[in-house]
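**Student:** Just one file: coords_15.pdb, with PDB, C-alpha atoms and all ligand atoms.
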```
ATOM      1  CA  MET M   1     -38.017   9.300  11.785
ATOM      2  CA  ILE M   2     -35.001   7.244  12.647
ATOM      3  CA  THR M   3     -31.991   7.226  10.314
ATOM      4  CA  ILE M   4     -30.426   3.820   9.768
ATOM      5  CA  ILE M   5     -26.758   4.586   9.129
ATOM      6  CA  ASP M   6     -25.961   2.293   6.232
ATOM      7  CA  GLY M   7     -22.307   1.305   6.404
ATOM      8  CA  LYS M   8     -22.633  -1.215   3.613
ATOM      9  CA  LYS M   9     -23.868   1.370   1.124
ATOM     10  CA  THR M  10     -21.395   4.016   2.334
ATOM     11  CA  SER M  11     -18.481   1.600   2.083
ATOM     12  CA  GLU M  12     -19.495   0.749  -1.498
ATOM     13  CA  GLU M  13     -19.527   4.489  -2.327
ATOM     14  CA  ILE M  14     -16.059   4.937  -0.824
ATOM     15  CA  LYS M  15     -14.728   1.895  -2.705
ATOM     16  CA  SER M  16     -16.136   3.295  -5.923
ATOM     17  CA  GLU M  17     -14.427   6.673  -5.253
ATOM     18  CA  ILE M  18     -11.145   4.836  -4.583
ATOM     19  CA  ALA M  19     -11.513   2.762  -7.780
ATOM     20  CA  THR M  20     -12.030   5.986  -9.777
ATOM     21  CA  ARG M  21      -8.846   7.478  -8.300
ATOM     22  CA  VAL M  22      -6.860   4.305  -9.021
ATOM     23  CA  LYS M  23      -7.952   4.458 -12.638
ATOM     24  CA  GLU M  24      -6.809   8.094 -12.873
ATOM     25  CA  ILE M  25      -3.412   7.162 -11.419
ATOM     26  CA  VAL M  26      -2.967   4.224 -13.781
ATOM     27  CA  ASP M  27      -4.198   6.206 -16.809
ATOM     28  CA  ALA M  28      -1.583   8.851 -15.984
ATOM     29  CA  GLY M  29       1.119   6.152 -16.115
ATOM     30  CA  GLY M  30       1.383   5.593 -12.346
ATOM     31  CA  LYS M  31       1.424   2.270 -10.522
ATOM     32  CA  LYS M  32      -1.481   0.655  -8.711
ATOM     33  CA  PRO M  33      -1.479   0.983  -4.912
ATOM     34  CA  HIS M  34      -0.177  -2.240  -3.343
ATOM     35  CA  LEU M  35      -1.166  -3.650   0.062
ATOM     36  CA  ALA M  36       0.692  -6.510   1.769
ATOM     37  CA  ALA M  37      -1.111  -8.504   4.450
ATOM     38  CA  VAL M  38       0.765 -10.830   6.793
ATOM     39  CA  LEU M  39      -1.263 -13.644   8.340
ATOM     40  CA  VAL M  40       0.305 -15.918  10.963
ATOM     41  CA  GLY M  41      -1.365 -19.244  11.738
ATOM     42  CA  ASN M  42      -4.817 -20.632  10.972
ATOM     43  CA  ASP M  43      -7.262 -18.634  13.112
ATOM     44  CA  GLY M  44     -10.617 -18.889  11.339
ATOM     45  CA  ALA M  45     -11.812 -15.309  11.934
ATOM     46  CA  SER M  46      -8.434 -13.865  10.918
ATOM     47  CA  GLN M  47      -8.464 -15.884   7.688
ATOM     48  CA  THR M  48     -11.919 -14.520   6.894
ATOM     49  CA  TYR M  49     -10.895 -10.905   7.617
ATOM     50  CA  VAL M  50      -7.682 -11.090   5.613
ATOM     51  CA  GLY M  51      -9.505 -12.819   2.759
ATOM     52  CA  ALA M  52     -12.034  -9.964   2.701
ATOM     53  CA  LYS M  53      -9.235  -7.383   2.670
ATOM     54  CA  VAL M  54      -7.465  -9.041  -0.265
ATOM     55  CA  LYS M  55     -10.746  -9.329  -2.176
ATOM     56  CA  ALA M  56     -11.523  -5.647  -1.537
ATOM     57  CA  CYS M  57      -8.086  -4.700  -2.939
ATOM     58  CA  ASP M  58      -8.986  -6.509  -6.118
ATOM     59  CA  GLN M  59     -12.369  -4.781  -6.248
ATOM     60  CA  VAL M  60     -10.814  -1.276  -6.300
ATOM     61  CA  GLY M  61      -7.914  -2.146  -8.601
ATOM     62  CA  PHE M  62      -5.121  -2.427  -6.015
ATOM     63  CA  ASP M  63      -2.389  -5.024  -6.114
ATOM     64  CA  SER M  64      -2.167  -7.140  -2.997
ATOM     65  CA  THR M  65       0.213  -9.687  -1.537
ATOM     66  CA  LEU M  66      -0.860 -12.158   1.113
ATOM     67  CA  VAL M  67       2.046 -13.539   3.139
ATOM     68  CA  ARG M  68       0.918 -16.657   5.025
ATOM     69  CA  LEU M  69       3.189 -17.913   7.780
ATOM     70  CA  GLU M  70       3.144 -20.953  10.043
ATOM     71  CA  GLU M  71       1.807 -20.613  13.600
ATOM     72  CA  THR M  72       5.262 -21.792  14.770
ATOM     73  CA  ILE M  73       7.269 -19.029  13.085
ATOM     74  CA  SER M  74       9.718 -17.375  15.484
ATOM     75  CA  GLU M  75       9.410 -13.731  16.454
ATOM     76  CA  GLU M  76      12.755 -13.039  14.825
ATOM     77  CA  GLU M  77      11.672 -14.592  11.522
ATOM     78  CA  LEU M  78       8.439 -12.562  11.544
ATOM     79  CA  LEU M  79      10.394  -9.370  12.236
ATOM     80  CA  THR M  80      12.553 -10.178   9.201
ATOM     81  CA  VAL M  81       9.459 -10.642   7.016
ATOM     82  CA  VAL M  82       8.143  -7.248   8.158
ATOM     83  CA  GLU M  83      11.500  -5.593   7.524
ATOM     84  CA  ASP M  84      11.673  -7.062   4.003
ATOM     85  CA  ILE M  85       8.272  -5.542   3.209
ATOM     86  CA  ASN M  86       9.342  -2.237   4.803
ATOM     87  CA  GLN M  87      12.240  -2.168   2.342
ATOM     88  CA  ASN M  88      10.259  -3.252  -0.711
ATOM     89  CA  PRO M  89       9.543  -0.144  -2.806
ATOM     90  CA  ALA M  90       6.758  -1.928  -4.728
ATOM     91  CA  ILE M  91       4.608  -2.162  -1.560
ATOM     92  CA  ASP M  92       2.791   0.911  -0.223
ATOM     93  CA  GLY M  93       0.908  -0.472   2.776
ATOM     94  CA  LEU M  94       1.604  -3.290   5.262
ATOM     95  CA  ILE M  95      -0.704  -4.903   7.804
ATOM     96  CA  VAL M  96       0.031  -7.734  10.211
ATOM     97  CA  GLN M  97      -3.275  -9.368  11.141
ATOM     98  CA  LEU M  98      -3.894  -9.623  14.879
ATOM     99  CA  PRO M  99      -4.027 -11.596  17.124
ATOM    100  CA  LEU M 100      -0.548 -13.119  16.859
ATOM    101  CA  PRO M 101       0.474 -16.423  18.512
ATOM    102  CA  LYS M 102       1.335 -16.009  22.211
ATOM    103  CA  HIS M 103       5.077 -16.509  21.753
ATOM    104  CA  ILE M 104       5.300 -13.377  19.586
ATOM    105  CA  SER M 105       5.295  -9.844  21.018
ATOM    106  CA  VAL M 106       2.635  -7.684  19.343
ATOM    107  CA  GLU M 107       4.504  -4.597  20.527
ATOM    108  CA  LYS M 108       7.775  -5.656  18.889
ATOM    109  CA  VAL M 109       6.097  -6.564  15.604
ATOM    110  CA  THR M 110       3.944  -3.421  15.502
ATOM    111  CA  ASN M 111       6.943  -1.276  16.275
ATOM    112  CA  LYS M 112       8.855  -2.880  13.402
ATOM    113  CA  ILE M 113       6.331  -1.666  10.811
ATOM    114  CA  LYS M 114       7.586   1.406   8.991
ATOM    115  CA  PRO M 115       5.182   4.227   9.982
ATOM    116  CA  GLU M 116       4.993   5.336   6.332
ATOM    117  CA  LYS M 117       3.487   1.917   5.442
ATOM    118  CA  ASP M 118       1.417   1.445   8.620
ATOM    119  CA  VAL M 119      -2.023   1.660   7.008
ATOM    120  CA  ASP M 120      -3.632   0.058  10.102
ATOM    121  CA  GLY M 121      -2.482   3.100  12.097
ATOM    122  CA  PHE M 122      -1.219   0.886  14.930
ATOM    123  CA  THR M 123       2.375   2.132  15.306
ATOM    124  CA  PRO M 124       3.317   4.574  18.078
ATOM    125  CA  ALA M 125       4.227   7.105  15.368
ATOM    126  CA  ASN M 126       0.738   7.101  13.863
ATOM    127  CA  VAL M 127      -1.107   6.955  17.196
ATOM    128  CA  GLY M 128       1.000   9.923  18.349
ATOM    129  CA  ARG M 129       0.414  11.879  15.141
ATOM    130  CA  MET M 130      -3.333  11.195  15.283
ATOM    131  CA  THR M 131      -3.394  12.379  18.906
ATOM    132  CA  LEU M 132      -1.587  15.594  17.957
ATOM    133  CA  GLY M 133      -3.955  16.176  15.033
ATOM    134  CA  TRP M 134      -1.095  15.800  12.544
ATOM    135  CA  PRO M 135      -1.543  13.960   9.236
ATOM    136  CA  ALA M 136      -1.648  10.275  10.223
ATOM    137  CA  TYR M 137      -2.994   6.881   9.316
ATOM    138  CA  VAL M 138      -5.996   6.511  11.618
ATOM    139  CA  ALA M 139      -7.008   2.971  12.621
ATOM    140  CA  ALA M 140      -9.698   1.530  10.385
ATOM    141  CA  THR M 141     -12.650   1.251  12.777
ATOM    142  CA  PRO M 142     -12.444   4.739  14.322
ATOM    143  CA  TYR M 143     -11.772   6.210  10.904
ATOM    144  CA  GLY M 144     -14.782   4.390   9.468
ATOM    145  CA  ILE M 145     -17.008   5.760  12.242
ATOM    146  CA  VAL M 146     -15.769   9.327  11.681
ATOM    147  CA  GLU M 147     -16.516   8.927   7.971
ATOM    148  CA  LEU M 148     -20.057   7.663   8.676
ATOM    149  CA  LEU M 149     -20.765  10.645  10.972
ATOM    150  CA  LYS M 150     -19.470  12.972   8.252
ATOM    151  CA  ARG M 151     -21.374  11.440   5.361
ATOM    152  CA  TYR M 152     -24.601  11.344   7.389
ATOM    153  CA  GLN M 153     -23.958  14.972   8.443
ATOM    154  CA  ILE M 154     -24.400  14.129  12.126
ATOM    155  CA  GLU M 155     -23.958  17.271  14.226
ATOM    156  CA  THR M 156     -21.167  16.763  16.756
ATOM    157  CA  SER M 157     -20.053  20.209  17.968
ATOM    158  CA  GLY M 158     -20.802  20.734  21.665
ATOM    159  CA  LYS M 159     -22.463  17.336  21.971
ATOM    160  CA  HIS M 160     -21.785  14.869  24.751
ATOM    161  CA  CYS M 161     -20.159  11.783  23.263
ATOM    162  CA  VAL M 162     -19.946   8.726  25.502
ATOM    163  CA  VAL M 163     -17.582   5.977  24.364
ATOM    164  CA  ILE M 164     -17.973   2.558  26.000
ATOM    165  CA  GLY M 165     -14.721   0.559  25.831
ATOM    166  CA  ARG M 166     -11.111   1.756  25.953
ATOM    167  CA  SER M 167      -9.321  -0.611  23.554
ATOM    168  CA  HIS M 168      -6.271   0.652  21.682
ATOM    169  CA  ILE M 169      -7.966  -0.212  18.384
ATOM    170  CA  VAL M 170     -11.367   1.456  18.888
ATOM    171  CA  GLY M 171     -12.423   3.146  22.156
ATOM    172  CA  SER M 172      -9.270   5.059  22.972
ATOM    173  CA  PRO M 173      -8.658   6.569  19.486
ATOM    174  CA  MET M 174     -12.394   7.239  19.123
ATOM    175  CA  SER M 175     -12.396   9.346  22.282
ATOM    176  CA  ILE M 176      -9.495  11.402  20.934
ATOM    177  CA  LEU M 177     -11.045  11.919  17.493
ATOM    178  CA  MET M 178     -14.413  13.010  18.906
ATOM    179  CA  ALA M 179     -12.715  15.656  21.070
ATOM    180  CA  ARG M 180     -10.644  17.135  18.205
ATOM    181  CA  ASN M 181     -11.166  20.742  17.193
ATOM    182  CA  GLU M 182     -12.667  19.901  13.807
ATOM    183  CA  TYR M 183     -15.676  18.214  12.254
ATOM    184  CA  PRO M 184     -16.600  15.510  13.211
ATOM    185  CA  GLY M 185     -15.403  16.350  16.710
ATOM    186  CA  ASN M 186     -15.654  19.190  19.197
ATOM    187  CA  CYS M 187     -17.584  16.875  21.502
ATOM    188  CA  THR M 188     -17.374  16.737  25.249
ATOM    189  CA  VAL M 189     -16.159  13.160  25.568
ATOM    190  CA  THR M 190     -16.615  10.641  28.373
ATOM    191  CA  LEU M 191     -14.582   7.434  27.969
ATOM    192  CA  THR M 192     -16.113   4.627  30.012
ATOM    193  CA  HIS M 193     -14.809   1.106  30.702
ATOM    194  CA  SER M 194     -15.112  -1.939  32.939
ATOM    195  CA  ARG M 195     -14.298   0.026  36.116
ATOM    196  CA  THR M 196     -16.726   2.855  35.394
ATOM    197  CA  LYS M 197     -19.347   3.381  38.084
ATOM    198  CA  ASN M 198     -22.950   4.083  37.057
ATOM    199  CA  LEU M 199     -22.274   3.294  33.405
ATOM    200  CA  PRO M 200     -25.980   3.113  32.466
ATOM    201  CA  GLU M 201     -26.610   6.558  33.958
ATOM    202  CA  ILE M 202     -23.646   8.050  32.086
ATOM    203  CA  ALA M 203     -24.647   6.368  28.818
ATOM    204  CA  LYS M 204     -28.089   7.897  29.188
ATOM    205  CA  THR M 205     -26.625  11.406  29.086
ATOM    206  CA  ALA M 206     -24.995  10.773  25.677
ATOM    207  CA  ASP M 207     -26.036  12.666  22.566
ATOM    208  CA  ILE M 208     -23.694  10.352  20.669
ATOM    209  CA  LEU M 209     -23.123   6.877  22.121
ATOM    210  CA  ILE M 210     -20.286   4.781  20.671
ATOM    211  CA  VAL M 211     -20.346   1.212  21.941
ATOM    212  CA  ALA M 212     -17.226  -0.927  21.599
ATOM    213  CA  LEU M 213     -16.943  -3.197  24.605
ATOM    214  CA  GLY M 214     -17.570  -6.573  23.010
ATOM    215  CA  LYS M 215     -20.616  -7.760  25.001
ATOM    216  CA  PRO M 216     -23.649  -8.943  23.029
ATOM    217  CA  GLU M 217     -26.654  -6.589  23.369
ATOM    218  CA  PHE M 218     -25.137  -4.852  26.402
ATOM    219  CA  VAL M 219     -26.806  -1.519  25.665
ATOM    220  CA  THR M 220     -30.560  -1.592  26.264
ATOM    221  CA  ALA M 221     -33.189   1.096  25.663
ATOM    222  CA  ASP M 222     -33.149   2.273  29.304
ATOM    223  CA  MET M 223     -29.460   3.283  28.825
ATOM    224  CA  VAL M 224     -30.167   5.540  25.846
ATOM    225  CA  LYS M 225     -31.475   9.107  25.701
ATOM    226  CA  GLU M 226     -34.389   9.866  23.396
ATOM    227  CA  GLY M 227     -32.944  11.139  20.087
ATOM    228  CA  ALA M 228     -29.369   9.905  20.658
ATOM    229  CA  VAL M 229     -27.087   8.823  17.817
ATOM    230  CA  VAL M 230     -25.945   5.244  18.518
ATOM    231  CA  ILE M 231     -22.882   3.654  16.907
ATOM    232  CA  ASP M 232     -22.513  -0.093  17.512
ATOM    233  CA  VAL M 233     -19.024  -1.527  16.979
ATOM    234  CA  GLY M 234     -19.775  -5.002  18.386
ATOM    235  CA  ILE M 235     -20.216  -8.121  16.287
ATOM    236  CA  HIS M 236     -21.169 -11.512  17.735
ATOM    237  CA  ARG M 237     -22.426 -14.791  16.323
ATOM    238  CA  VAL M 238     -25.426 -16.339  18.062
ATOM    239  CA  ASP M 239     -27.012 -19.680  17.229
ATOM    240  CA  ASP M 240     -30.162 -19.347  15.156
ATOM    241  CA  SER M 241     -31.689 -22.512  13.766
ATOM    242  CA  SER M 242     -34.035 -20.473  11.544
ATOM    243  CA  LYS M 243     -31.006 -19.397   9.461
ATOM    244  CA  LYS M 244     -29.422 -21.556   6.802
ATOM    245  CA  SER M 245     -25.968 -20.810   8.277
ATOM    246  CA  GLY M 246     -27.213 -21.793  11.757
ATOM    247  CA  PHE M 247     -26.261 -18.397  13.232
ATOM    248  CA  ARG M 248     -27.027 -14.710  13.043
ATOM    249  CA  LEU M 249     -24.980 -11.624  13.879
ATOM    250  CA  ILE M 250     -25.780  -9.215  16.687
ATOM    251  CA  GLY M 251     -24.015  -6.159  18.088
ATOM    252  CA  ASP M 252     -23.224  -4.650  21.490
ATOM    253  CA  VAL M 253     -26.561  -2.810  21.267
ATOM    254  CA  LYS M 254     -30.039  -4.318  21.566
ATOM    255  CA  PHE M 255     -31.083  -2.973  18.187
ATOM    256  CA  ASP M 256     -34.829  -3.648  18.261
ATOM    257  CA  GLU M 257     -35.486  -1.632  21.401
ATOM    258  CA  VAL M 258     -32.734   0.998  21.106
ATOM    259  CA  SER M 259     -33.818   1.861  17.562
ATOM    260  CA  GLN M 260     -37.195   2.910  19.039
ATOM    261  CA  LYS M 261     -35.436   5.727  20.910
ATOM    262  CA  ALA M 262     -32.404   6.730  18.819
ATOM    263  CA  SER M 263     -32.501   9.399  16.097
ATOM    264  CA  ALA M 264     -29.836   7.478  14.147
ATOM    265  CA  ILE M 265     -28.260   4.052  14.619
ATOM    266  CA  THR M 266     -25.830   1.694  12.892
ATOM    267  CA  PRO M 267     -27.175  -1.829  12.337
ATOM    268  CA  VAL M 268     -25.220  -5.081  12.808
ATOM    269  CA  PRO M 269     -24.379  -6.400  10.300
ATOM    270  CA  GLY M 270     -24.098  -3.618   7.717
ATOM    271  CA  GLY M 271     -23.054  -0.713   9.957
ATOM    272  CA  VAL M 272     -19.519  -0.125  11.193
ATOM    273  CA  GLY M 273     -18.127  -3.468   9.951
ATOM    274  CA  PRO M 274     -18.040  -2.802   6.201
ATOM    275  CA  MET M 275     -16.505   0.626   6.830
ATOM    276  CA  THR M 276     -13.326  -0.817   8.310
ATOM    277  CA  ILE M 277     -12.200  -2.322   5.027
ATOM    278  CA  ALA M 278     -13.065   0.882   3.155
ATOM    279  CA  SER M 279     -10.854   2.785   5.652
ATOM    280  CA  LEU M 280      -7.959   0.370   5.143
ATOM    281  CA  LEU M 281      -8.212   0.820   1.367
ATOM    282  CA  PHE M 282      -8.384   4.593   1.773
ATOM    283  CA  ASN M 283      -5.260   4.579   3.964
ATOM    284  CA  THR M 284      -3.466   2.449   1.376
ATOM    285  CA  LEU M 285      -4.391   4.954  -1.334
ATOM    286  CA  LEU M 286      -3.047   7.774   0.888
ATOM    287  CA  ALA M 287       0.183   5.778   1.298
ATOM    288  CA  ALA M 288       0.552   5.214  -2.436
ATOM    289  CA  GLU M 289       0.039   8.916  -3.084
ATOM    290  CA  GLY M 290       2.372   9.996  -0.260
ATOM    291  CA  LYS M 291      -0.414  12.071   1.276
ATOM    292  CA  VAL M 292       0.490  11.475   4.929
ATOM    293  CA  TYR M 293       4.305  11.440   5.030
ATOM    294  CA  GLY M 294       5.142  12.659   1.528
ATOM    295  CA  ASN M 295       6.844  10.547  -1.110
TER     296      ASN M 295
HETATM  297  N1  LIG H   1      -7.509  -7.725  14.170
HETATM  298  C1  LIG H   1      -8.693  -7.179  14.507
HETATM  299  N2  LIG H   1      -8.849  -5.991  13.902
HETATM  300  C2  LIG H   1      -7.735  -5.774  13.179
HETATM  301  C3  LIG H   1      -7.293  -4.712  12.340
HETATM  302  O1  LIG H   1      -7.954  -3.688  12.123
HETATM  303  N3  LIG H   1      -6.075  -4.881  11.764
HETATM  304  C4  LIG H   1      -5.309  -5.956  11.990
HETATM  305  N4  LIG H   1      -4.114  -6.008  11.403
HETATM  306  N5  LIG H   1      -5.673  -6.959  12.760
HETATM  307  C5  LIG H   1      -6.885  -6.862  13.352
END
```
The structure given in the file should be rewritten as structure tokens.
**Tutor:**
Amino acid sequence: MITIIDGKKTSEEIKSEIATRVKEIVDAGGKKPHLAAVLVGNDGASQTYVGAKVKACDQVGFDSTLVRLEETISEEELLTVVEDINQNPAIDGLIVQLPLPKHISVEKVTNKIKPEKDVDGFTPANVGRMTLGWPAYVAATPYGIVELLKRYQIETSGKHCVVIGRSHIVGSPMSILMARNEYPGNCTVTLTHSRTKNLPEIAKTADILIVALGKPEFVTADMVKEGAVVIDVGIHRVDDSSKKSGFRLIGDVKFDEVSQKASAITPVPGGVGPMTIASLLFNTLLAAEGKVYGN
């Protein structure tokens, strides 16, 4: 029997656990965790993501501040906005939604974020700490995947984990987390990417296959071993006139055929996606409680 790894349900459970903790903090006379989100410009997808993050804050009892800035803001002005939030003791967590306009350096802005407030886990300090296995804010998508593996009690020790895609946000940190000497982890990890030779053959040797390359339905059944655990990070809109919205969502994995072979699989939508916001909220709670860097 195949297990459908339900990220929607799991994310609701995590949000409910966070809401319970917030209530305890507030009942004890503490302040609500507070997330600030900076959104530059009018990119449609970014507006949707940030809107969902702010709404989720409300759902668990966090305070949130949305800072909306013009597409034309200068890099220097944006750096000043980030620094002001860094210095604001009322705010526990800070995210700058990516992508940024081309005239602004993502590296400079990311590096300006105080590591203690970097609940996206994008700063060199947090990437380095995560890599060393120190307490760190781990980026939302990899963290969400680790949490799904844990809550579905997927065995990882000694398994061959193949990661497809080497992005800074997903593939690269995922490969590090799956190789860590703890659960989930202890995998033998192969990180594959656009220059990898024989990718289908390598994918087929995976006990755990994590797909984050951003190509619709790239992974087909012939690339998957019987009984593999398949985690699909992709999300793509395709036209579908049978839907009221006119589109449907698909992943990087051809779900209908791969689910005939896998022992467990994340669907799209409702798999990894909803977990990313739960991870961001969890990191913000950690920040408010000083659990990573101390208070
Ligand atoms: N853009 C795409 N994913 C993310 C994310 O996790 N955080 C931020 N800040 N921007 C993103």
**Student:** Smallest atom-to-atom distance to Phe255 of chain M: which of M:Tyr152, M:Phe218, M:Trp134, M:Tyr49, using all atoms listed in the file?
**Tutor:**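 The answer is M:Phe218, which sits nearest to Phe255 of chain M.
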**Student:** Under the PyMOL selection byres (((not hetatm)) within 10 of (chain H and resi 1)), which residues of this model are included? Write them out as a ChimeraX atom specification.
**Tutor:** /M:37-39,45-46,49-50,53,94-100,110,118-122,139-142,169-170,276-277,279-280
**Student:** Need to verify the contact set: Gly290 of chain M, 9 Å, all atoms listed in the file, exclusion of same-chain residues closer than 5 positions in sequence. Can you return it as JSON, numbers by chain?
**Tutor:** {"M": [116, 285, 295]}
**Student:** Between M:Leu177, M:Ala221, M:Glu107, M:Lys244, which one has atoms that come closest to Met130 of chain M, using only C-alpha atoms?
**Tutor:** M:Leu177
**Student:** Using all atoms listed in the file, determine which residues lie at most 8 Å from Ile18 of chain M, disregarding the query and same-chain residues fewer than 2 positions distant; provide the list as a PyMOL selection string.
**Tutor:** chain M and resi 14-16+20-22+60+281-282+285
